[in-house]
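One file, my_file.txt, carrying compact mmCIF, C-alpha atoms:
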```
# COMPACT_ATOMS: atom_id res chain seq x y z
CA MET A 1 2.07 -74.01 52.22
CA SER A 2 2.23 -70.57 53.85
CA LYS A 3 0.37 -67.75 52.10
CA ASN A 4 3.29 -65.35 52.58
CA THR A 5 5.75 -67.65 50.91
CA SER A 6 5.70 -68.24 47.20
CA PRO A 7 5.38 -71.85 46.01
CA LEU A 8 8.86 -71.76 44.44
CA GLU A 9 10.46 -70.52 47.66
CA SER A 10 8.72 -73.20 49.62
CA SER A 11 9.90 -75.77 47.16
CA ILE A 12 13.53 -74.58 47.36
CA LYS A 13 13.38 -74.48 51.12
CA ALA A 14 11.91 -77.90 51.08
CA ILE A 15 14.99 -79.27 49.34
CA GLU A 16 17.41 -80.50 51.92
CA PRO A 17 20.96 -81.61 51.05
CA VAL A 18 20.54 -84.86 52.75
CA VAL A 19 20.15 -88.31 51.53
CA LEU A 20 16.50 -88.94 51.07
CA SER A 21 14.67 -92.11 51.27
CA GLU A 22 12.92 -93.29 48.14
CA SER A 23 9.50 -92.37 49.53
CA ASP A 24 10.68 -88.93 50.69
CA PHE A 25 12.22 -88.23 47.28
CA ALA A 26 8.97 -89.15 45.60
CA GLN A 27 7.03 -86.90 47.96
CA THR A 28 9.40 -83.95 47.41
CA THR A 29 9.28 -84.36 43.64
CA SER A 30 5.54 -84.48 43.78
CA ASN A 31 5.43 -81.28 45.90
CA LEU A 32 7.78 -79.51 43.47
CA ALA A 33 5.62 -80.49 40.50
CA ASP A 34 2.53 -79.22 42.33
CA ASN A 35 4.26 -75.93 43.09
CA ILE A 36 5.37 -75.46 39.48
CA THR A 37 1.83 -76.16 38.30
CA ALA A 38 0.44 -73.57 40.76
CA LEU A 39 3.01 -70.96 39.67
CA SER A 40 2.18 -71.56 36.03
CA GLY A 41 -1.53 -71.07 36.81
CA ASP A 42 -0.80 -67.71 38.54
CA LEU A 43 1.31 -66.55 35.61
CA SER A 44 -1.38 -67.52 33.14
CA GLY A 45 -3.98 -65.55 35.14
CA SER A 46 -1.78 -62.43 35.15
CA ILE A 47 -1.26 -62.67 31.37
CA ASP A 48 -5.02 -62.96 30.89
CA LYS A 49 -5.60 -59.82 32.99
CA LEU A 50 -2.94 -57.89 31.01
CA THR A 51 -4.47 -58.97 27.69
CA THR A 52 -7.92 -57.84 28.79
CA THR A 53 -6.60 -54.43 29.89
CA LEU A 54 -4.64 -53.89 26.64
CA SER A 55 -7.65 -54.92 24.57
CA SER A 56 -9.83 -52.33 26.30
CA LEU A 57 -7.19 -49.68 25.59
CA LEU A 58 -6.93 -50.59 21.91
CA GLU A 59 -10.68 -50.40 21.37
CA PRO A 60 -11.64 -47.01 22.96
CA ALA A 61 -14.70 -46.48 20.72
CA ASN A 62 -16.39 -49.39 22.41
CA SER A 63 -16.01 -47.72 25.74
CA LEU A 64 -16.85 -44.09 24.59
CA THR A 65 -20.21 -42.57 25.34
CA PHE A 66 -22.13 -40.69 22.60
CA THR A 67 -21.25 -37.28 24.12
CA GLN A 68 -17.58 -38.16 24.15
CA PHE A 69 -17.80 -39.26 20.54
CA ILE A 70 -19.46 -35.94 19.47
CA PHE A 71 -16.87 -34.00 21.45
CA ALA A 72 -14.04 -35.85 19.68
CA ILE A 73 -15.60 -35.05 16.30
CA PHE A 74 -16.07 -31.40 17.32
CA VAL A 75 -12.43 -31.08 18.36
CA ALA A 76 -11.31 -32.62 15.07
CA VAL A 77 -13.50 -30.19 13.06
CA ILE A 78 -12.25 -27.17 15.05
CA GLY A 79 -8.68 -28.30 14.44
CA ALA A 80 -9.23 -28.64 10.71
CA PHE A 81 -11.02 -25.27 10.53
CA SER A 82 -8.20 -23.55 12.44
CA ALA A 83 -5.68 -25.00 10.01
CA TYR A 84 -7.80 -23.77 7.08
CA LEU A 85 -8.05 -20.26 8.57
CA PHE A 86 -4.34 -20.12 9.25
CA ASN A 87 -3.63 -21.21 5.67
CA LEU A 88 -6.05 -18.62 4.29
CA PHE A 89 -4.48 -15.86 6.39
CA HIS A 90 -0.97 -16.89 5.42
CA TRP A 91 -1.68 -16.88 1.68
CA SER A 92 -3.63 -13.63 1.79
CA MET A 93 -0.62 -12.01 3.48
CA VAL A 94 1.72 -13.45 0.86
CA GLU A 95 -0.55 -12.20 -1.95
CA LYS A 96 -0.80 -8.74 -0.37
CA LYS A 97 2.98 -8.50 -0.11
CA GLN A 98 3.39 -9.60 -3.74
CA LYS A 99 0.82 -7.04 -4.89
CA THR A 100 2.57 -4.20 -3.03
CA SER A 101 5.89 -5.38 -4.42
CA ARG A 102 4.56 -5.39 -8.01
CA SER A 103 3.03 -1.89 -7.60
CA ALA A 104 6.29 -0.64 -6.12
CA LEU A 105 8.23 -2.02 -9.08
CA ALA A 106 5.81 -0.39 -11.56
CA LEU A 107 6.10 2.91 -9.66
CA SER A 108 9.88 2.71 -9.74
CA LEU A 109 9.91 2.10 -13.51
CA LEU A 110 7.49 4.99 -14.05
CA ILE A 111 9.71 7.32 -12.04
CA LYS A 112 12.74 6.22 -14.05
CA ASP A 113 10.78 6.95 -17.22
CA LEU A 114 9.76 10.40 -15.94
CA GLU A 115 13.35 11.12 -14.96
CA THR A 116 14.61 10.35 -18.48
CA THR A 117 11.94 12.45 -20.22
CA ALA A 118 12.11 15.37 -17.78
CA VAL A 119 15.92 15.57 -17.77
CA GLU A 120 15.97 15.54 -21.57
CA TYR A 121 13.24 18.22 -21.60
CA TRP A 122 15.01 20.61 -19.21
CA ILE A 123 18.50 20.12 -20.59
CA GLN A 124 17.35 21.91 -23.75
CA GLY A 125 15.46 25.18 -24.10
CA PHE A 126 12.41 25.79 -26.28
CA LYS A 127 13.13 25.69 -30.03
CA GLU A 128 10.41 26.37 -32.59
CA LYS A 129 11.74 23.72 -34.99
CA LYS A 130 11.46 21.09 -32.24
CA HIS A 131 8.01 22.28 -31.21
CA LYS A 132 6.27 18.93 -31.87
CA LYS A 133 8.86 16.87 -30.00
CA ILE A 134 8.70 19.28 -27.06
CA HIS A 135 4.92 19.12 -27.00
CA VAL A 136 5.06 15.31 -26.93
CA ALA A 137 7.50 15.47 -24.00
CA GLU A 138 5.20 17.88 -22.12
CA ILE A 139 2.20 15.58 -22.57
CA SER A 140 4.28 12.57 -21.54
CA ILE A 141 5.55 14.36 -18.40
CA LYS A 142 2.07 15.42 -17.27
CA SER A 143 0.58 11.97 -17.83
CA LYS A 144 3.45 10.24 -16.02
CA ILE A 145 3.13 12.52 -13.01
CA ARG A 146 -0.58 11.78 -12.88
CA LEU A 147 0.13 8.03 -13.04
CA ILE A 148 2.85 8.27 -10.38
CA SER A 149 0.39 10.00 -8.10
CA LYS A 150 -2.17 7.26 -8.80
CA TYR A 151 0.34 4.48 -8.00
CA ILE A 152 1.32 6.23 -4.78
CA ASP A 153 -2.38 6.32 -3.85
CA LEU A 154 -2.53 2.56 -4.52
CA ILE A 155 0.54 1.70 -2.46
CA ALA A 156 0.09 4.20 0.40
CA PRO A 157 -2.65 2.28 2.28
CA GLU A 158 -0.32 -0.75 2.47
CA LEU A 159 2.39 1.37 4.10
CA ASP A 160 0.69 2.24 7.37
CA THR A 161 2.81 -0.09 9.47
CA HIS A 162 5.45 1.13 11.88
CA LYS A 163 8.23 -0.07 9.55
CA THR A 164 6.85 1.58 6.38
CA LYS A 165 5.33 4.82 7.72
CA ASN A 166 8.50 6.71 6.88
CA ILE A 167 8.49 5.42 3.29
CA LYS A 168 4.85 6.45 2.87
CA GLN A 169 5.65 9.98 4.01
CA LYS A 170 8.61 10.20 1.61
CA LEU A 171 6.42 9.07 -1.31
CA GLU A 172 3.77 11.68 -0.44
CA GLU A 173 6.39 14.42 -0.31
CA PHE A 174 7.95 13.24 -3.53
CA ARG A 175 4.81 13.51 -5.68
CA TYR A 176 4.19 17.13 -4.65
CA GLU A 177 7.85 18.11 -4.99
CA ILE A 178 8.41 16.48 -8.37
CA PHE A 179 5.26 18.12 -9.76
CA ASP A 180 6.59 21.58 -8.86
CA LEU A 181 10.11 20.75 -9.97
CA VAL A 182 9.25 19.31 -13.38
CA THR A 183 6.14 21.27 -14.39
CA GLY A 184 6.87 24.56 -12.61
CA GLY A 185 8.75 27.63 -13.81
CA GLU A 186 8.78 27.95 -17.59
CA PHE A 187 7.25 24.55 -18.27
CA GLU A 188 5.15 24.67 -21.48
CA SER A 189 6.51 28.15 -22.17
CA LYS A 190 7.97 29.35 -25.44
CA ALA A 191 10.39 31.45 -23.42
CA ARG A 192 11.84 28.40 -21.67
CA ASN A 193 15.62 28.38 -21.32
CA PRO A 194 17.66 25.23 -20.72
CA SER A 195 18.26 24.54 -17.02
CA LYS A 196 21.02 22.10 -16.16
CA SER A 197 20.51 22.69 -12.44
CA LYS A 198 16.82 21.78 -12.71
CA ALA A 199 17.68 18.69 -14.76
CA MET A 200 20.21 17.69 -12.09
CA LYS A 201 17.70 18.24 -9.27
CA ILE A 202 15.14 16.09 -11.08
CA ALA A 203 17.65 13.27 -11.61
CA ILE A 204 18.79 13.33 -7.98
CA ARG A 205 15.25 13.49 -6.57
CA CYS A 206 14.08 10.62 -8.80
CA SER A 207 17.09 8.39 -8.04
CA ASP A 208 16.68 9.11 -4.35
CA ILE A 209 13.04 8.04 -4.24
CA ARG A 210 13.75 4.95 -6.35
CA ALA A 211 16.27 3.86 -3.73
CA VAL A 212 13.60 4.35 -1.07
CA ILE A 213 11.11 2.30 -3.10
CA SER A 214 13.61 -0.53 -3.61
CA SER A 215 13.96 -0.79 0.17
CA LEU A 216 10.27 -1.75 0.26
CA ASP A 217 11.23 -5.29 -0.81
CA PHE A 218 13.04 -5.75 2.47
CA VAL A 219 10.43 -4.32 4.80
CA VAL A 220 7.01 -5.38 3.47
CA MET B 1 -23.52 29.31 -6.87
CA LYS B 2 -21.77 29.87 -10.20
CA THR B 3 -19.87 27.14 -12.01
CA LEU B 4 -16.69 27.20 -14.06
CA ASN B 5 -16.09 23.97 -15.90
CA ILE B 6 -12.46 24.28 -17.05
CA GLY B 7 -12.78 21.65 -19.79
CA LYS B 8 -16.02 23.00 -21.25
CA ASP B 9 -15.83 26.73 -20.47
CA PHE B 10 -12.12 27.35 -20.93
CA SER B 11 -9.94 24.73 -22.63
CA LEU B 12 -9.58 20.96 -22.92
CA ASP B 13 -5.83 21.43 -22.85
CA PRO B 14 -5.03 24.07 -20.25
CA SER B 15 -1.26 24.57 -20.47
CA GLY B 16 1.48 27.13 -20.20
CA ARG B 17 1.88 30.19 -18.06
CA PHE B 18 1.50 33.29 -20.24
CA TYR B 19 -0.57 34.40 -23.24
CA THR B 20 2.62 34.13 -25.28
CA ASP B 21 2.81 30.40 -24.54
CA GLY B 22 -0.28 29.74 -26.64
CA GLU B 23 -3.97 29.15 -26.12
CA GLY B 24 -5.24 27.92 -22.77
CA SER B 25 -2.52 29.51 -20.62
CA GLY B 26 -2.74 30.26 -16.91
CA GLU B 27 -2.68 33.99 -17.55
CA GLU B 28 -5.57 33.69 -20.01
CA PHE B 29 -7.53 31.56 -17.53
CA ARG B 30 -7.03 34.09 -14.74
CA GLU B 31 -7.60 37.28 -16.72
CA ASP B 32 -10.41 36.16 -19.02
CA CYS B 33 -12.29 33.64 -16.86
CA LEU B 34 -11.57 33.37 -13.15
CA LYS B 35 -11.15 37.06 -12.35
CA ASN B 36 -14.45 38.04 -14.02
CA LEU B 37 -16.38 35.24 -12.35
CA ILE B 38 -14.96 35.99 -8.90
CA GLU B 39 -15.83 39.68 -9.30
CA SER B 40 -19.37 38.78 -10.40
CA LEU B 41 -20.11 36.71 -7.27
CA GLU B 42 -22.64 38.01 -4.76
CA PRO B 43 -21.47 38.25 -1.12
CA ASN B 44 -21.32 34.72 0.32
CA GLU B 45 -21.85 33.23 -3.14
CA LYS B 46 -19.38 30.53 -4.15
CA LEU B 47 -17.74 29.58 -7.41
CA GLN B 48 -17.70 25.89 -8.19
CA ILE B 49 -14.69 24.89 -10.31
CA ILE B 50 -14.84 21.56 -12.12
CA LEU B 51 -11.35 20.27 -12.79
CA ASP B 52 -11.74 17.00 -14.67
CA ASP B 53 -14.50 17.29 -17.25
CA GLY B 54 -12.48 16.59 -20.41
CA VAL B 55 -9.14 17.72 -19.00
CA GLU B 56 -6.51 15.00 -18.54
CA ALA B 57 -3.84 16.76 -16.49
CA TYR B 58 -2.44 20.10 -15.37
CA GLY B 59 1.02 21.54 -15.04
CA SER B 60 2.25 23.51 -12.06
CA SER B 61 2.99 26.58 -14.24
CA PHE B 62 -0.67 26.81 -15.33
CA LEU B 63 -2.08 26.33 -11.81
CA VAL B 64 0.30 28.79 -10.18
CA GLU B 65 -0.34 31.48 -12.77
CA GLY B 66 -4.08 30.86 -12.96
CA PHE B 67 -4.95 30.61 -9.27
CA ALA B 68 -2.08 31.98 -7.16
CA GLY B 69 -1.77 34.87 -9.67
CA MET B 70 -5.14 36.17 -8.42
CA VAL B 71 -3.55 36.79 -5.02
CA LYS B 72 -0.08 37.86 -6.24
CA HIS B 73 -1.54 40.56 -8.47
CA GLY B 74 -3.77 41.86 -5.69
CA TYR B 75 -7.18 40.90 -7.07
CA ILE B 76 -8.24 39.05 -3.90
CA THR B 77 -6.65 37.81 -0.66
CA SER B 78 -5.80 34.14 -0.36
CA ASP B 79 -8.30 33.59 2.48
CA ASN B 80 -11.11 35.18 0.48
CA LEU B 81 -10.27 33.24 -2.65
CA LEU B 82 -10.15 29.94 -0.76
CA ASP B 83 -13.46 30.82 0.82
CA LYS B 84 -15.12 31.56 -2.51
CA LEU B 85 -13.80 28.54 -4.45
CA GLU B 86 -15.28 25.07 -4.31
CA VAL B 87 -13.08 22.76 -6.33
CA GLN B 88 -14.89 19.69 -7.66
CA PHE B 89 -13.85 16.53 -9.51
CA THR B 90 -15.23 13.07 -10.18
CA ASP B 91 -11.94 11.29 -10.93
CA GLN B 92 -10.03 10.77 -7.66
CA ASP B 93 -6.73 11.38 -9.46
CA PHE B 94 -7.65 15.06 -9.52
CA GLU B 95 -7.59 15.39 -5.74
CA PHE B 96 -3.85 15.86 -6.22
CA TYR B 97 -4.46 18.97 -8.36
CA LYS B 98 -7.04 20.30 -5.90
CA ASN B 99 -4.47 20.01 -3.09
CA LYS B 100 -1.89 21.82 -5.22
CA ILE B 101 -4.34 24.65 -6.04
CA ILE B 102 -5.06 25.13 -2.32
CA GLU B 103 -1.33 25.03 -1.54
CA TYR B 104 -0.46 27.63 -4.23
CA ILE B 105 -3.23 30.02 -3.17
CA SER B 106 -2.32 29.65 0.54
CA GLN B 107 1.36 30.36 -0.13
CA ALA B 108 0.83 33.34 -2.45
CA LYS B 109 1.62 36.79 -1.05
CA PHE B 110 -1.12 39.34 -1.61
CA ASN B 111 -0.29 42.08 -4.10
CA SER B 112 3.36 41.01 -4.33
CA GLN B 113 3.64 41.41 -8.14
CA VAL B 114 2.57 44.16 -10.49
CA TYR B 115 0.66 42.66 -13.37
CA LYS B 116 1.92 43.38 -16.89
CA THR B 117 0.10 41.59 -19.64
CA THR B 118 2.11 39.48 -22.05
CA LYS B 119 -0.48 39.85 -24.82
```

Any chance you could put this one into structure tokens?
Amino acid sequence: MSKNTSPLESSIKAIEPVVLSESDFAQTTSNLADNITALSGDLSGSIDKLTTTLSSLLEPANSLTFTQFIFAIFVAVIGAFSAYLFNLFHWSMVEKKQKTSRSALALSLLIKDLETTAVEYWIQGFKEKKHKKIHVAEISIKSKIRLISKYIDLIAPELDTHKTKNIKQKLEEFRYEIFDLVTGGEFESKARNPSKSKAMKIAIRCSDIRAVISSLDFVV
Amino acid sequence: MKTLNIGKDFSLDPSGRFYTDGEGSGEEFREDCLKNLIESLEPNEKLQIILDDGVEAYGSSFLVEGFAGMVKHGYITSDNLLDKLEVQFTDQDFEFYKNKIIEYISQAKFNSQVYKTTK
């Protein structure tokens, strides 16, 4: 049998469509059986090789050196640590945003409160019979302005980004303006006359800054 | 350096603009406290003002009358007054009032108003 020809090919070629003698038929059948046996042996060898290769792939630890094993562990640890750091960073950012949002809400409510008290204060002039009530309003106004300034100090450092710089500047301007507007002029004076225009200015300025603060929810 | 502690030396509740507004007014602070202390300072001596020892808050009317009034009524120029004052506080909330005092003094026009007491 030639080495370049497979056993099956040789067997097929060996079959001749002629009438064979009994001895030739026996010989041909015997050759065919031999060829089939040889082919089966080759196939079995190939399957054995494939099984060995697959087995070595499925059991890499057996073939890893100690250095490779340490490296694999190191990579796994680095991966886990990176995930932890990312998680930590993510949640600290979320918490920071929530804190700024809560402070902004408190500031907005405080400004609304100041607006109500200050408008009511300036819409009426000083009256001796309402002296106590007026004094309470004056104390309330001064304490609220102090608290507003404190809240702005708390929020301002969080507003140094490109998006929020403008809001920070508006808040800074507001606290100085509202102090002059509400506690200037005849504030705490017995000669104080009602001032509708001042009350209106206070209401507009407060509403305006509250709108600015509410926009913080969208940008922080 | 001399010291003026507003809460201890003047009033725990500084409020109002004029004498007629009651005790602790800006006019009273200027005429009875600040003016005398400024005039008593040696050349290059400073006056330390403590804002927050017992005082909770200030109003603009008091600060304008008390500090800027010194310049408006011609007692001292704004540059000189700013040079002589050293405003102190321990509570950071009072930095706001310090900034306002500096702003009012800086903006005041020297000798722009004739002083008439409201006593």

Quiz prompt | Residue contacts of B:Ile6 (9 Å, only C-alpha atoms) excluding same-chain residues fewer than 5 positions away, as a ChimeraX atom specification | solution = /B:11-12,14,29,49-55

Practice problem: Can you check which residues of chain B have any atom within 6 Å of chain A? Use all atoms listed in the file and format it as a ChimeraX atom specification. | Solution: /B:16,21,59-61

Quiz item: What residues have an atom no more than 9 Å from (15.3, 6.7, 4.1) in the file's own frame, counting all atoms listed in the file, and can you write them as a ChimeraX atom specification?
Solution: /A:166-167,170,208-209,211-212,215

Those same residues - C-alpha atoms - I'd like them written as a compact mmCIF listing (two decimals), in the frame of the given file.
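Result file result-v4.txt:
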```txt
# COMPACT_ATOMS: atom_id res chain seq x y z
CA ASN A 166 8.50 6.71 6.88
CA ILE A 167 8.49 5.42 3.29
CA LYS A 170 8.61 10.20 1.61
CA ASP A 208 16.68 9.11 -4.35
CA ILE A 209 13.04 8.04 -4.24
CA ALA A 211 16.27 3.86 -3.73
CA VAL A 212 13.60 4.35 -1.07
CA SER A 215 13.96 -0.79 0.17
```

Quiz prompt | Proximity to B:Glu56 - best of A:Ser140, A:Ala38, A:Ser207, A:Ile202, all atoms listed in the file | solution = A:Ser140

Quiz item: What is the atom CA of A:Leu114 to atom CA of A:Leu154 distance in Å?
Solution: 18.5 Å

Exercise. Could you give me, as a ChimeraX atom specification, the residues that have an atom at most 7 Å away from the point (-4.5, 17.4, -11.6) in the coordinates of the file, using only C-alpha atoms?
Key: /A:146 /B:57-58,93-98

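Between atom CA of B:Gln48 and atom CA of B:Glu86 the separation is 4.6 Å.
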
Practice problem: Could you jot down the atom CA of A:Thr67 to atom CA of A:Tyr84 separation for me, Å, one decimal place? | Solution: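 Value for the atom CA of A:Thr67-atom CA of A:Tyr84 distance: 25.6 Å.
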
Self-check item: Nearest-residue call for B:Lys100, choices A:Glu158, A:Glu95, A:Glu177, A:Glu22, using all atoms listed in the file
Solution: A:Glu177

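When all atoms listed in the file are used to compute distances to B:Ser106, the closest of the residues B:Leu4, B:Leu47, B:Ile38, B:Ala68 turns out to be B:Ala68.
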
Missing atoms in stretch 98-111 of chain B need filling: write out N, CA, C and O atoms for it as a PDB file, in the coordinates of the input.
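So the final result, stored in result06.pdb, reads:
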```pdb
ATOM      1  N   LYS B  98      -6.283  19.459  -6.845  1.00  0.00           N
ATOM      2  CA  LYS B  98      -7.040  20.300  -5.900  1.00  0.00           C
ATOM      3  C   LYS B  98      -6.124  20.704  -4.731  1.00  0.00           C
ATOM      4  O   LYS B  98      -6.078  21.878  -4.340  1.00  0.00           O
ATOM      5  N   ASN B  99      -5.389  19.720  -4.204  1.00  0.00           N
ATOM      6  CA  ASN B  99      -4.470  20.010  -3.090  1.00  0.00           C
ATOM      7  C   ASN B  99      -3.407  21.020  -3.501  1.00  0.00           C
ATOM      8  O   ASN B  99      -3.038  21.896  -2.726  1.00  0.00           O
ATOM      9  N   LYS B 100      -2.932  20.876  -4.741  1.00  0.00           N
ATOM     10  CA  LYS B 100      -1.890  21.820  -5.220  1.00  0.00           C
ATOM     11  C   LYS B 100      -2.473  23.228  -5.369  1.00  0.00           C
ATOM     12  O   LYS B 100      -1.815  24.201  -5.019  1.00  0.00           O
ATOM     13  N   ILE B 101      -3.699  23.338  -5.876  1.00  0.00           N
ATOM     14  CA  ILE B 101      -4.340  24.650  -6.040  1.00  0.00           C
ATOM     15  C   ILE B 101      -4.457  25.337  -4.667  1.00  0.00           C
ATOM     16  O   ILE B 101      -4.101  26.503  -4.506  1.00  0.00           O
ATOM     17  N   ILE B 102      -4.923  24.570  -3.674  1.00  0.00           N
ATOM     18  CA  ILE B 102      -5.060  25.130  -2.320  1.00  0.00           C
ATOM     19  C   ILE B 102      -3.704  25.557  -1.770  1.00  0.00           C
ATOM     20  O   ILE B 102      -3.564  26.625  -1.176  1.00  0.00           O
ATOM     21  N   GLU B 103      -2.696  24.717  -2.018  1.00  0.00           N
ATOM     22  CA  GLU B 103      -1.330  25.030  -1.540  1.00  0.00           C
ATOM     23  C   GLU B 103      -0.816  26.316  -2.191  1.00  0.00           C
ATOM     24  O   GLU B 103      -0.283  27.194  -1.500  1.00  0.00           O
ATOM     25  N   TYR B 104      -0.974  26.435  -3.516  1.00  0.00           N
ATOM     26  CA  TYR B 104      -0.460  27.630  -4.230  1.00  0.00           C
ATOM     27  C   TYR B 104      -1.164  28.906  -3.775  1.00  0.00           C
ATOM     28  O   TYR B 104      -0.513  29.934  -3.574  1.00  0.00           O
ATOM     29  N   ILE B 105      -2.479  28.829  -3.603  1.00  0.00           N
ATOM     30  CA  ILE B 105      -3.230  30.020  -3.170  1.00  0.00           C
ATOM     31  C   ILE B 105      -2.806  30.396  -1.735  1.00  0.00           C
ATOM     32  O   ILE B 105      -2.571  31.570  -1.438  1.00  0.00           O
ATOM     33  N   SER B 106      -2.684  29.390  -0.870  1.00  0.00           N
ATOM     34  CA  SER B 106      -2.320  29.650   0.540  1.00  0.00           C
ATOM     35  C   SER B 106      -0.933  30.286   0.652  1.00  0.00           C
ATOM     36  O   SER B 106      -0.702  31.120   1.527  1.00  0.00           O
ATOM     37  N   GLN B 107      -0.025  29.873  -0.223  1.00  0.00           N
ATOM     38  CA  GLN B 107       1.360  30.360  -0.130  1.00  0.00           C
ATOM     39  C   GLN B 107       1.576  31.704  -0.832  1.00  0.00           C
ATOM     40  O   GLN B 107       2.600  32.354  -0.607  1.00  0.00           O
ATOM     41  N   ALA B 108       0.648  32.100  -1.676  1.00  0.00           N
ATOM     42  CA  ALA B 108       0.830  33.340  -2.450  1.00  0.00           C
ATOM     43  C   ALA B 108       0.752  34.583  -1.547  1.00  0.00           C
ATOM     44  O   ALA B 108      -0.060  34.630  -0.625  1.00  0.00           O
ATOM     45  N   LYS B 109       1.614  35.553  -1.849  1.00  0.00           N
ATOM     46  CA  LYS B 109       1.620  36.790  -1.050  1.00  0.00           C
ATOM     47  C   LYS B 109       0.760  37.823  -1.759  1.00  0.00           C
ATOM     48  O   LYS B 109       0.980  38.107  -2.957  1.00  0.00           O
ATOM     49  N   PHE B 110      -0.164  38.403  -1.031  1.00  0.00           N
ATOM     50  CA  PHE B 110      -1.120  39.340  -1.610  1.00  0.00           C
ATOM     51  C   PHE B 110      -0.408  40.567  -2.190  1.00  0.00           C
ATOM     52  O   PHE B 110       0.429  41.179  -1.533  1.00  0.00           O
ATOM     53  N   ASN B 111      -0.785  40.891  -3.415  1.00  0.00           N
ATOM     54  CA  ASN B 111      -0.290  42.080  -4.100  1.00  0.00           C
ATOM     55  C   ASN B 111       1.240  42.159  -4.168  1.00  0.00           C
ATOM     56  O   ASN B 111       1.819  43.231  -4.039  1.00  0.00           O
TER      57      ASN B 111
END
```
